[in-house]
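Next comes upload22.pdb, a file with PDB, C-alpha atoms and all ligand atoms.
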```
ATOM      1  CA  MET A  17     -21.525 -92.598  20.575
ATOM      2  CA  PHE A  18     -23.611 -90.008  18.789
ATOM      3  CA  ASP A  19     -22.996 -88.492  15.352
ATOM      4  CA  THR A  20     -25.012 -85.284  15.744
ATOM      5  CA  HIS A  21     -24.714 -84.188  12.101
ATOM      6  CA  CYS A  22     -24.443 -86.513   9.103
ATOM      7  CA  HIS A  23     -26.106 -86.069   5.712
ATOM      8  CA  LEU A  24     -27.112 -89.663   5.025
ATOM      9  CA  ASN A  25     -30.002 -88.052   3.139
ATOM     10  CA  PHE A  26     -27.614 -86.818   0.414
ATOM     11  CA  GLU A  27     -27.258 -88.506  -2.967
ATOM     12  CA  ALA A  28     -23.781 -89.682  -1.969
ATOM     13  CA  PHE A  29     -25.433 -92.311   0.269
ATOM     14  CA  ASP A  30     -28.363 -93.238  -1.965
ATOM     15  CA  THR A  31     -27.402 -96.865  -2.399
ATOM     16  CA  THR A  32     -25.353 -97.385   0.784
ATOM     17  CA  VAL A  33     -27.292 -95.814   3.650
ATOM     18  CA  ASP A  34     -28.281 -99.109   5.327
ATOM     19  CA  ASP A  35     -24.697-100.439   5.203
ATOM     20  CA  VAL A  36     -23.308 -97.127   6.448
ATOM     21  CA  ILE A  37     -25.618 -97.196   9.483
ATOM     22  CA  GLU A  38     -24.705-100.848  10.135
ATOM     23  CA  ARG A  39     -20.977-100.073   9.985
ATOM     24  CA  ALA A  40     -21.445 -97.176  12.403
ATOM     25  CA  LYS A  41     -23.296 -99.386  14.906
ATOM     26  CA  LYS A  42     -20.484-101.945  14.753
ATOM     27  CA  VAL A  43     -17.980 -99.371  16.011
ATOM     28  CA  GLY A  44     -20.318 -98.062  18.730
ATOM     29  CA  VAL A  45     -21.985 -95.135  16.937
ATOM     30  CA  ASP A  46     -25.557 -96.140  17.736
ATOM     31  CA  HIS A  47     -27.146 -92.679  17.583
ATOM     32  CA  ILE A  48     -27.162 -90.422  14.531
ATOM     33  CA  LEU A  49     -28.926 -87.233  13.571
ATOM     34  CA  ILE A  50     -29.596 -86.457   9.911
ATOM     35  CA  PRO A  51     -30.164 -82.750   9.167
ATOM     36  CA  GLY A  52     -32.094 -81.466   6.172
ATOM     37  CA  THR A  53     -30.969 -78.620   3.933
ATOM     38  CA  ASP A  54     -34.122 -78.118   1.828
ATOM     39  CA  ILE A  55     -37.532 -79.782   1.404
ATOM     40  CA  PRO A  56     -36.456 -82.989  -0.414
ATOM     41  CA  THR A  57     -33.504 -83.660   1.937
ATOM     42  CA  SER A  58     -35.643 -82.893   4.995
ATOM     43  CA  LYS A  59     -38.251 -85.421   3.871
ATOM     44  CA  LYS A  60     -35.546 -87.963   3.151
ATOM     45  CA  ALA A  61     -34.002 -87.428   6.604
ATOM     46  CA  VAL A  62     -37.385 -88.267   8.134
ATOM     47  CA  GLN A  63     -37.731 -91.412   5.982
ATOM     48  CA  ILE A  64     -34.301 -92.714   7.010
ATOM     49  CA  ALA A  65     -34.914 -91.892  10.681
ATOM     50  CA  GLU A  66     -38.237 -93.727  10.624
ATOM     51  CA  LYS A  67     -36.571 -96.823   9.249
ATOM     52  CA  HIS A  68     -33.629 -97.063  11.670
ATOM     53  CA  GLU A  69     -33.509 -97.345  15.426
ATOM     54  CA  GLY A  70     -31.230 -94.706  16.946
ATOM     55  CA  ALA A  71     -31.592 -92.432  13.903
ATOM     56  CA  TYR A  72     -33.251 -89.019  14.208
ATOM     57  CA  ALA A  73     -34.047 -86.218  11.794
ATOM     58  CA  ALA A  74     -33.788 -82.448  11.686
ATOM     59  CA  VAL A  75     -35.720 -80.495   9.078
ATOM     60  CA  GLY A  76     -34.957 -77.056   7.708
ATOM     61  CA  ILE A  77     -33.779 -74.800   4.915
ATOM     62  CA  HIS A  78     -30.009 -74.231   4.769
ATOM     63  CA  PRO A  79     -28.922 -70.626   4.113
ATOM     64  CA  HIS A  80     -27.165 -71.605   0.876
ATOM     65  CA  HIS A  81     -30.444 -72.880  -0.578
ATOM     66  CA  ILE A  82     -32.234 -69.646   0.223
ATOM     67  CA  TYR A  83     -30.603 -68.432  -3.002
ATOM     68  CA  GLN A  84     -33.374 -70.136  -4.995
ATOM     69  CA  PHE A  85     -35.931 -67.787  -3.411
ATOM     70  CA  LEU A  86     -33.773 -64.771  -4.194
ATOM     71  CA  ILE A  87     -33.623 -65.770  -7.869
ATOM     72  CA  GLU A  88     -37.411 -66.088  -7.951
ATOM     73  CA  MET A  89     -37.888 -62.704  -6.332
ATOM     74  CA  ARG A  90     -35.506 -60.846  -8.614
ATOM     75  CA  PRO A  91     -37.227 -58.346 -10.875
ATOM     76  CA  SER A  92     -35.774 -59.050 -14.264
ATOM     77  CA  GLU A  93     -36.810 -58.552 -17.866
ATOM     78  CA  THR A  94     -35.167 -61.870 -18.652
ATOM     79  CA  ASN A  95     -37.138 -63.666 -15.986
ATOM     80  CA  PHE A  96     -40.354 -64.334 -17.837
ATOM     81  CA  PHE A  97     -41.878 -66.014 -14.832
ATOM     82  CA  HIS A  98     -41.111 -63.170 -12.475
ATOM     83  CA  LYS A  99     -43.875 -62.892  -9.949
ATOM     84  CA  THR A 100     -45.659 -59.781  -8.894
ATOM     85  CA  ASN A 101     -44.831 -58.109  -5.598
ATOM     86  CA  LYS A 102     -47.749 -59.666  -3.859
ATOM     87  CA  SER A 103     -46.705 -63.259  -4.441
ATOM     88  CA  GLU A 104     -42.988 -62.723  -3.918
ATOM     89  CA  LYS A 105     -43.016 -64.405  -0.549
ATOM     90  CA  ASN A 106     -45.088 -67.367  -1.663
ATOM     91  CA  SER A 107     -42.286 -69.698  -2.563
ATOM     92  CA  PHE A 108     -40.389 -69.607   0.724
ATOM     93  CA  SER A 109     -43.463 -69.330   2.877
ATOM     94  CA  SER A 110     -44.842 -72.467   1.248
ATOM     95  CA  ASP A 111     -41.520 -74.234   1.906
ATOM     96  CA  LEU A 112     -41.617 -73.081   5.528
ATOM     97  CA  LYS A 113     -45.114 -74.526   5.822
ATOM     98  CA  LYS A 114     -43.788 -77.840   4.494
ATOM     99  CA  ILE A 115     -41.038 -77.766   7.135
ATOM    100  CA  GLU A 116     -43.618 -77.023   9.801
ATOM    101  CA  SER A 117     -45.785 -79.930   8.663
ATOM    102  CA  LEU A 118     -42.889 -82.364   9.273
ATOM    103  CA  LEU A 119     -42.459 -81.285  12.903
ATOM    104  CA  GLY A 120     -45.248 -83.507  14.196
ATOM    105  CA  ASN A 121     -43.280 -86.661  13.354
ATOM    106  CA  PRO A 122     -41.797 -88.109  16.587
ATOM    107  CA  LYS A 123     -38.456 -88.802  14.842
ATOM    108  CA  VAL A 124     -38.062 -85.078  14.029
ATOM    109  CA  VAL A 125     -36.282 -83.740  17.093
ATOM    110  CA  SER A 126     -34.814 -80.561  15.670
ATOM    111  CA  ILE A 127     -34.904 -77.772  13.123
ATOM    112  CA  GLY A 128     -31.721 -77.692  11.084
ATOM    113  CA  GLU A 129     -29.533 -76.999   9.574
ATOM    114  CA  VAL A 130     -30.418 -73.345   9.439
ATOM    115  CA  GLY A 131     -28.381 -70.169   9.717
ATOM    116  CA  ILE A 132     -26.345 -67.610   7.856
ATOM    117  CA  ASP A 133     -23.651 -68.308   5.282
ATOM    118  CA  ARG A 134     -21.442 -65.686   3.604
ATOM    119  CA  HIS A 135     -19.026 -68.168   2.081
ATOM    120  CA  ILE A 136     -18.554 -67.962  -1.677
ATOM    121  CA  TYR A 137     -18.870 -71.557  -2.825
ATOM    122  CA  GLN A 138     -16.857 -72.667  -5.847
ATOM    123  CA  LYS A 139     -19.178 -75.605  -6.404
ATOM    124  CA  THR A 140     -22.851 -74.690  -6.319
ATOM    125  CA  LYS A 141     -25.898 -75.524  -8.383
ATOM    126  CA  TYR A 142     -26.862 -71.845  -8.525
ATOM    127  CA  PRO A 143     -25.441 -69.931 -11.487
ATOM    128  CA  ASP A 144     -23.886 -66.529 -10.613
ATOM    129  CA  TYR A 145     -23.931 -67.314  -6.880
ATOM    130  CA  LYS A 146     -23.062 -64.094  -5.072
ATOM    131  CA  ILE A 147     -23.282 -62.911  -1.481
ATOM    132  CA  GLY A 148     -25.133 -59.617  -1.622
ATOM    133  CA  GLU A 149     -26.816 -57.771   1.225
ATOM    134  CA  GLU A 150     -30.236 -58.549  -0.237
ATOM    135  CA  PHE A 151     -29.393 -62.265  -0.036
ATOM    136  CA  VAL A 152     -28.114 -62.015   3.554
ATOM    137  CA  LYS A 153     -31.243 -60.077   4.528
ATOM    138  CA  LEU A 154     -33.410 -62.889   3.166
ATOM    139  CA  GLN A 155     -31.254 -65.477   4.987
ATOM    140  CA  LYS A 156     -31.848 -63.584   8.246
ATOM    141  CA  GLU A 157     -35.587 -63.334   7.653
ATOM    142  CA  ILE A 158     -35.956 -67.060   6.963
ATOM    143  CA  LEU A 159     -33.698 -67.945   9.916
ATOM    144  CA  GLU A 160     -35.929 -65.874  12.197
ATOM    145  CA  GLU A 161     -38.999 -67.743  10.929
ATOM    146  CA  GLN A 162     -37.336 -71.108  11.528
ATOM    147  CA  ILE A 163     -36.199 -70.143  15.031
ATOM    148  CA  GLY A 164     -39.800 -69.129  15.698
ATOM    149  CA  MET A 165     -40.856 -72.694  14.841
ATOM    150  CA  VAL A 166     -38.215 -74.145  17.181
ATOM    151  CA  VAL A 167     -39.702 -72.155  20.046
ATOM    152  CA  LYS A 168     -43.311 -72.864  19.098
ATOM    153  CA  TYR A 169     -42.828 -76.638  18.768
ATOM    154  CA  GLU A 170     -40.132 -76.932  21.497
ATOM    155  CA  LYS A 171     -37.583 -78.566  19.200
ATOM    156  CA  SER A 172     -33.790 -78.287  19.162
ATOM    157  CA  LEU A 173     -31.899 -75.866  16.924
ATOM    158  CA  ILE A 174     -28.951 -76.798  14.688
ATOM    159  CA  LEU A 175     -27.206 -73.620  13.568
ATOM    160  CA  HIS A 176     -24.984 -73.329  10.535
ATOM    161  CA  ASN A 177     -22.744 -70.254  10.578
ATOM    162  CA  ARG A 178     -20.071 -69.709   7.967
ATOM    163  CA  GLU A 179     -18.138 -66.448   7.931
ATOM    164  CA  ALA A 180     -21.222 -64.672   9.257
ATOM    165  CA  LYS A 181     -20.746 -64.350  13.014
ATOM    166  CA  ALA A 182     -22.041 -60.774  13.333
ATOM    167  CA  ASP A 183     -25.211 -61.531  11.342
ATOM    168  CA  MET A 184     -25.766 -64.671  13.387
ATOM    169  CA  PHE A 185     -25.443 -62.794  16.696
ATOM    170  CA  GLU A 186     -27.841 -60.145  15.420
ATOM    171  CA  VAL A 187     -30.555 -62.715  14.631
ATOM    172  CA  LEU A 188     -29.981 -64.738  17.808
ATOM    173  CA  ASN A 189     -30.086 -61.646  20.032
ATOM    174  CA  LYS A 190     -33.300 -60.567  18.360
ATOM    175  CA  THR A 191     -35.058 -63.938  18.565
ATOM    176  CA  TRP A 192     -33.553 -65.513  21.695
ATOM    177  CA  ASN A 193     -35.949 -67.365  23.940
ATOM    178  CA  LYS A 194     -35.228 -69.283  27.169
ATOM    179  CA  LYS A 195     -36.538 -72.429  25.491
ATOM    180  CA  LEU A 196     -33.444 -72.414  23.243
ATOM    181  CA  GLU A 197     -31.091 -72.792  26.224
ATOM    182  CA  GLY A 198     -29.523 -76.233  26.316
ATOM    183  CA  ARG A 199     -31.296 -77.073  23.053
ATOM    184  CA  SER A 200     -29.092 -75.279  20.475
ATOM    185  CA  VAL A 201     -25.773 -76.056  18.797
ATOM    186  CA  PHE A 202     -23.258 -74.160  16.681
ATOM    187  CA  HIS A 203     -22.660 -77.057  14.286
ATOM    188  CA  CYS A 204     -19.150 -77.294  12.780
ATOM    189  CA  CYS A 205     -18.203 -74.346  14.969
ATOM    190  CA  GLU A 206     -15.574 -71.989  13.593
ATOM    191  CA  PRO A 207     -12.572 -71.662  15.923
ATOM    192  CA  ASP A 208     -13.608 -68.318  17.343
ATOM    193  CA  HIS A 209     -13.632 -67.288  20.981
ATOM    194  CA  GLU A 210     -16.533 -64.869  20.542
ATOM    195  CA  LEU A 211     -18.677 -67.762  19.307
ATOM    196  CA  LEU A 212     -17.578 -69.785  22.321
ATOM    197  CA  GLU A 213     -18.402 -66.952  24.743
ATOM    198  CA  PHE A 214     -21.806 -66.453  23.116
ATOM    199  CA  ALA A 215     -22.452 -70.203  23.395
ATOM    200  CA  LYS A 216     -21.478 -70.170  27.080
ATOM    201  CA  ASP A 217     -23.729 -67.204  27.839
ATOM    202  CA  HIS A 218     -26.679 -68.870  26.077
ATOM    203  CA  LYS A 219     -26.034 -72.461  27.253
ATOM    204  CA  MET A 220     -25.426 -73.724  23.728
ATOM    205  CA  PHE A 221     -23.398 -76.678  22.477
ATOM    206  CA  ILE A 222     -20.375 -76.650  20.166
ATOM    207  CA  GLY A 223     -20.222 -79.225  17.337
ATOM    208  CA  VAL A 224     -16.795 -80.502  16.288
ATOM    209  CA  ASP A 225     -15.978 -82.449  13.117
ATOM    210  CA  GLY A 226     -13.198 -84.469  11.530
ATOM    211  CA  ASP A 227     -11.468 -81.383  10.185
ATOM    212  CA  ILE A 228     -10.011 -81.063  13.688
ATOM    213  CA  THR A 229      -7.517 -83.744  12.608
ATOM    214  CA  TYR A 230      -5.820 -81.323  10.188
ATOM    215  CA  TYR A 231      -7.100 -77.819  11.045
ATOM    216  CA  LYS A 232      -4.579 -76.338  13.497
ATOM    217  CA  ALA A 233      -6.734 -73.434  14.718
ATOM    218  CA  LYS A 234      -9.504 -75.871  15.671
ATOM    219  CA  GLN A 235      -7.020 -78.012  17.587
ATOM    220  CA  GLU A 236      -6.116 -74.985  19.724
ATOM    221  CA  PHE A 237      -9.746 -73.871  20.011
ATOM    222  CA  ILE A 238     -11.008 -77.231  21.301
ATOM    223  CA  LYS A 239      -8.769 -76.972  24.353
ATOM    224  CA  ALA A 240     -10.841 -73.976  25.487
ATOM    225  CA  VAL A 241     -14.216 -75.675  24.934
ATOM    226  CA  PRO A 242     -15.580 -77.141  28.205
ATOM    227  CA  LEU A 243     -16.331 -80.850  27.933
ATOM    228  CA  ASP A 244     -19.971 -80.377  28.925
ATOM    229  CA  MET A 245     -20.522 -78.139  25.848
ATOM    230  CA  LEU A 246     -19.058 -80.495  23.284
ATOM    231  CA  VAL A 247     -20.893 -82.679  20.753
ATOM    232  CA  LEU A 248     -19.322 -84.771  17.995
ATOM    233  CA  GLU A 249     -20.329 -84.774  14.347
ATOM    234  CA  THR A 250     -18.968 -85.993  11.017
ATOM    235  CA  ASP A 251     -20.894 -83.765   8.540
ATOM    236  CA  SER A 252     -20.719 -86.837   6.264
ATOM    237  CA  PRO A 253     -20.055 -87.130   3.356
ATOM    238  CA  PHE A 254     -17.845 -84.032   3.853
ATOM    239  CA  LEU A 255     -14.869 -83.330   6.144
ATOM    240  CA  ASN A 256     -13.273 -86.768   6.096
ATOM    241  CA  PRO A 257     -10.854 -86.988   9.043
ATOM    242  CA  GLU A 258      -7.212 -87.994   8.792
ATOM    243  CA  PRO A 259      -5.809 -90.530   8.110
ATOM    244  CA  ASN A 260      -8.702 -91.431   5.756
ATOM    245  CA  ARG A 261      -8.551 -88.056   4.040
ATOM    246  CA  SER A 262      -5.048 -88.612   2.717
ATOM    247  CA  LYS A 263      -5.588 -92.219   1.673
ATOM    248  CA  GLU A 264      -5.324 -93.170  -1.979
ATOM    249  CA  GLY A 265      -8.660 -93.440  -3.749
ATOM    250  CA  GLY A 266     -10.431 -91.117  -1.328
ATOM    251  CA  THR A 267     -13.204 -92.589   0.817
ATOM    252  CA  LYS A 268     -16.359 -90.704   1.739
ATOM    253  CA  ASN A 269     -16.769 -89.586   5.321
ATOM    254  CA  GLU A 270     -19.397 -91.552   7.286
ATOM    255  CA  PRO A 271     -20.710 -91.803  10.883
ATOM    256  CA  GLY A 272     -18.442 -94.812  11.542
ATOM    257  CA  ASN A 273     -15.574 -92.291  11.697
ATOM    258  CA  ILE A 274     -16.826 -90.740  14.954
ATOM    259  CA  PRO A 275     -14.409 -92.903  17.033
ATOM    260  CA  LEU A 276     -11.460 -91.444  15.054
ATOM    261  CA  ILE A 277     -12.615 -87.918  15.896
ATOM    262  CA  ALA A 278     -13.266 -88.856  19.531
ATOM    263  CA  LYS A 279      -9.788 -90.315  19.904
ATOM    264  CA  PHE A 280      -8.161 -87.253  18.376
ATOM    265  CA  ILE A 281     -10.041 -84.833  20.666
ATOM    266  CA  ALA A 282      -9.456 -86.972  23.771
ATOM    267  CA  ASN A 283      -5.715 -86.734  23.058
ATOM    268  CA  LEU A 284      -5.858 -82.956  22.672
ATOM    269  CA  LYS A 285      -7.848 -82.554  25.880
ATOM    270  CA  ASN A 286      -5.731 -85.078  27.733
ATOM    271  CA  ILE A 287      -8.623 -87.272  28.850
ATOM    272  CA  SER A 288      -9.575 -90.873  28.138
ATOM    273  CA  VAL A 289     -11.532 -91.595  24.973
ATOM    274  CA  GLU A 290     -14.123 -93.388  27.147
ATOM    275  CA  LYS A 291     -14.708 -90.250  29.194
ATOM    276  CA  LEU A 292     -14.980 -88.104  26.067
ATOM    277  CA  SER A 293     -17.360 -90.536  24.350
ATOM    278  CA  GLU A 294     -19.573 -90.818  27.396
ATOM    279  CA  GLN A 295     -19.807 -87.076  28.021
ATOM    280  CA  THR A 296     -20.378 -86.071  24.373
ATOM    281  CA  THR A 297     -23.127 -88.712  24.006
ATOM    282  CA  GLU A 298     -24.811 -87.426  27.153
ATOM    283  CA  ASN A 299     -24.550 -83.856  25.816
ATOM    284  CA  ALA A 300     -26.102 -84.835  22.474
ATOM    285  CA  LYS A 301     -29.004 -86.581  24.211
ATOM    286  CA  LYS A 302     -29.617 -83.409  26.238
ATOM    287  CA  LEU A 303     -29.409 -81.265  23.112
ATOM    288  CA  PHE A 304     -32.040 -83.344  21.317
ATOM    289  CA  LYS A 305     -34.001 -84.147  24.486
ATOM    290  CA  LEU A 306     -33.774 -87.923  24.047
TER     291      LEU A 306
HETATM  292 ZN    ZN B   1     -23.424 -76.792   7.874
HETATM  293 ZN    ZN B   2     -24.262 -80.073   7.253
END
```

Would you kindly transcribe this structure into structure tokens?
Amino acid sequence: MFDTHCHLNFEAFDTTVDDVIERAKKVGVDHILIPGTDIPTSKKAVQIAEKHEGAYAAVGIHPHHIYQFLIEMRPSETNFFHKTNKSEKNSFSSDLKKIESLLGNPKVVSIGEVGIDRHIYQKTKYPDYKIGEEFVKLQKEILEEQIGMVVKYEKSLILHNREAKADMFEVLNKTWNKKLEGRSVFHCCEPDHELLEFAKDHKMFIGVDGDITYYKAKQEFIKAVPLDMLVLETDSPFLNPEPNRSKEGGTKNEPGNIPLIAKFIANLKNISVEKLSEQTTENAKKLFKL
């Protein structure tokens, strides 16, 4: 089986990553993809992928972390280090160059996770985190740049969309290239039939996580998703599936939980778990061209 989205590069796995990968292999999850969300996590994804057979990396700047560039660009009397107009773009263009420089590594199969995010996070490292139009505009601009790299280097594309469907469609319509067909995924796809129709029209994949075990709208949605469009993911350490989620003490989600998710979806779609595992693994290999 293939966990197409797990953040083993996050601090939560700092001391356990080798054991976590071992445990996953024991239950048949022998392929994993680790997506980056900024420069340090992208580099770490590459390091882990290089060390483990069956592990692959995606590199990219997550829309949430684009906030750091917005803060730097803000003209403010209180911001002593505020840069002049001319150098405003320097910070994110230098980060984009760093992303680009990682693409030559054979374990880097994709750009991700990148996209648009309008969710107001309660927990964030950025003080006064707000979703303003200026912020969304910058998210779109940086997404366009990253999609450009996907096309240029013929990589796959892992898209993160949260509460931002219209913005996402706008950018994808503007930047779409035939090379993205069969090589793109709406990761942790919101249960939305317009997203599904867009994905069908553009030959994209739909990523489904452990929240399907308790999120009723996703359980209905999955029935409409054709099997040949489906890929499995955990989004570890987040989105722990049931029954683990409700257990005392609270475990972290990890790739070894993919079989739980597979079993749950197979039940909903009324097919054998073997069939579902086989098809979703094949889909993921197509997505990442492995
Ligand atoms: Zn995401
Ligand atoms: Zn993620």

Taking all atoms listed in the file into account, produce a table as a Markdown table in which each residue of chain A with an atom at most 8 Å from an atom of ligand ZN 1 (chain B) appears once, together with its shortest atom pair and the distance in Å to one decimal, ordered by chain and rising number.
```
| residue | atom | partner | partner_atom | distance |
| --- | --- | --- | --- | --- |
| A:His78 | CA | B:ZN1 | ZN | 7.7 |
| A:Glu129 | CA | B:ZN1 | ZN | 6.3 |
| A:Val130 | CA | B:ZN1 | ZN | 8.0 |
| A:Leu175 | CA | B:ZN1 | ZN | 7.5 |
| A:His176 | CA | B:ZN1 | ZN | 4.6 |
| A:Asn177 | CA | B:ZN1 | ZN | 7.1 |
| A:Arg178 | CA | B:ZN1 | ZN | 7.8 |
| A:His203 | CA | B:ZN1 | ZN | 6.5 |
| A:Cys204 | CA | B:ZN1 | ZN | 6.5 |
| A:Asp251 | CA | B:ZN1 | ZN | 7.4 |
```

Glu157 in chain A environment, 12 Å, all atoms listed in the file, sequence neighbours closer than 6 positions dropped, as a list in words
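Within the cut-off, the hits are Ile77, Pro79, Ile82, Phe85, Lys105, Phe108, Ser109, Leu112, Val130, Gly131, Ile132, Glu150, Phe151, Ile163, Gly164, Asp183, Met184, Glu186, Val187, Leu188, Lys190 and Thr191 of chain A.
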
Output check: residues returned by the PyMOL selection byres (((not hetatm)) within 12 of (chain B and resi 2)), as number ranges by chain:
A: 19-26, 49-54, 57-58, 74-80, 128-131, 133, 174-178, 202-205, 223-225, 249-255

Given the file above and the PyMOL selection byres (((chain A and resi 147) around 12) and not hetatm), which residues are selected, and can you give them as a VMD selection string?
chain A and resid 79 to 80 82 to 83 86 132 to 137 142 144 to 146 148 to 155 179 to 180

Work out how far CA of Asn256 in chain A is from CA of Lys279 in chain A, in Å to one decimal.
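Result for CA of Lys279 in chain A versus CA of Asn256 in chain A: 14.7 Å, one decimal.
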
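Here CA of Pro275 in chain A stands at a distance of 23.7 Å from CA of Thr31 in chain A.
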
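One finds CA of Ala215 in chain A at 24.8 Å from CA of Ser288 in chain A.
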
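Applied to the file shown here, the PyMOL selection byres (((chain A and resi 194-200) around 9) and not hetatm) selects the residues Ser126, Ile163, Val166, Val167, Glu170, Lys171, Ser172, Leu173, Ile174, Leu175, Trp192, Asn193, Val201, Phe202, Ala215, His218, Lys219, Met220, Phe221, Ile222, Lys302, Leu303, Phe304 and Lys305 of chain A.
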
Selection from above, C-alpha atoms, as an mmCIF file, in the coordinates of the input, can you write it?
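The result, written out as again.cif:
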```cif
data_model
loop_
_atom_site.group_PDB
_atom_site.id
_atom_site.type_symbol
_atom_site.label_atom_id
_atom_site.label_comp_id
_atom_site.auth_asym_id
_atom_site.auth_seq_id
_atom_site.Cartn_x
_atom_site.Cartn_y
_atom_site.Cartn_z
ATOM 1 C CA SER A 126 -34.814 -80.561 15.670
ATOM 2 C CA ILE A 163 -36.199 -70.143 15.031
ATOM 3 C CA VAL A 166 -38.215 -74.145 17.181
ATOM 4 C CA VAL A 167 -39.702 -72.155 20.046
ATOM 5 C CA GLU A 170 -40.132 -76.932 21.497
ATOM 6 C CA LYS A 171 -37.583 -78.566 19.200
ATOM 7 C CA SER A 172 -33.790 -78.287 19.162
ATOM 8 C CA LEU A 173 -31.899 -75.866 16.924
ATOM 9 C CA ILE A 174 -28.951 -76.798 14.688
ATOM 10 C CA LEU A 175 -27.206 -73.620 13.568
ATOM 11 C CA TRP A 192 -33.553 -65.513 21.695
ATOM 12 C CA ASN A 193 -35.949 -67.365 23.940
ATOM 13 C CA VAL A 201 -25.773 -76.056 18.797
ATOM 14 C CA PHE A 202 -23.258 -74.160 16.681
ATOM 15 C CA ALA A 215 -22.452 -70.203 23.395
ATOM 16 C CA HIS A 218 -26.679 -68.870 26.077
ATOM 17 C CA LYS A 219 -26.034 -72.461 27.253
ATOM 18 C CA MET A 220 -25.426 -73.724 23.728
ATOM 19 C CA PHE A 221 -23.398 -76.678 22.477
ATOM 20 C CA ILE A 222 -20.375 -76.650 20.166
ATOM 21 C CA LYS A 302 -29.617 -83.409 26.238
ATOM 22 C CA LEU A 303 -29.409 -81.265 23.112
ATOM 23 C CA PHE A 304 -32.040 -83.344 21.317
ATOM 24 C CA LYS A 305 -34.001 -84.147 24.486
#
```

Of A:Ile158, A:Ala73, A:Ile37, A:Met89, the one sitting nearest Val124 in chain A when using only C-alpha atoms is A:Ala73

With a distance cut-off of 12 Å and all atoms listed in the file, select the neighbouring residues of Ile238 in chain A, excluding the residue or stretch itself and same-chain residues fewer than 6 positions from it, and output the selection as an MDAnalysis selection string.
chainID A and resid 204:209 212 222:225 227:229 231:232 245:248 278 280:286

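Of the listed residues A:Val125, A:Asp35, A:Pro56, A:Ile277, the one whose atoms come nearest to His81 in chain A is A:Pro56, with distances taken using all atoms listed in the file.
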
Counting only C-alpha atoms, which residue out of A:Val289, A:Leu276, A:Ala71, A:Val62 sits closest to Lys41 in chain A?
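Nearest candidate to Lys41 in chain A out of A:Val289, A:Leu276, A:Ala71, A:Val62: A:Ala71.
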
Of the residues A:Ala65, A:Asp244, A:Lys268, A:Glu210, which is the one nearest to Ala300 in chain A, using all atoms listed in the file?
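When distances to Ala300 in chain A are compared using all atoms listed in the file, the smallest one comes from A:Asp244.
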
I need the residue nearest Ile127 in chain A from this list: A:Lys42, A:Lys139, A:Lys156, A:Lys168. Use all atoms listed in the file for the distance.
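Closest candidate: A:Lys168.
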
Out of A:Val45, A:Ala240, A:Ala233, A:Ala61, which residue has the shortest atom-to-atom distance to Glu213 in chain A when counting only C-alpha atoms?
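Closest candidate: A:Ala240.
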
What lies within 7 Å of Met17 in chain A using all atoms listed in the file, ignoring chain neighbours under 2 positions off, as JSON, numbers by chain?
{"A": [19, 44, 45, 46, 47, 293, 297]}

Listed atoms of range 250-267 of chain A boxed along x, y and z, 6 Å each side, centre and edge lengths in Å, one decimal, as lines of an AutoDock Vina configuration file:
```
center_x = -13.0
center_y = -88.4
center_z = 3.6
size_x = 27.8
size_y = 22.1
size_z = 26.8
```
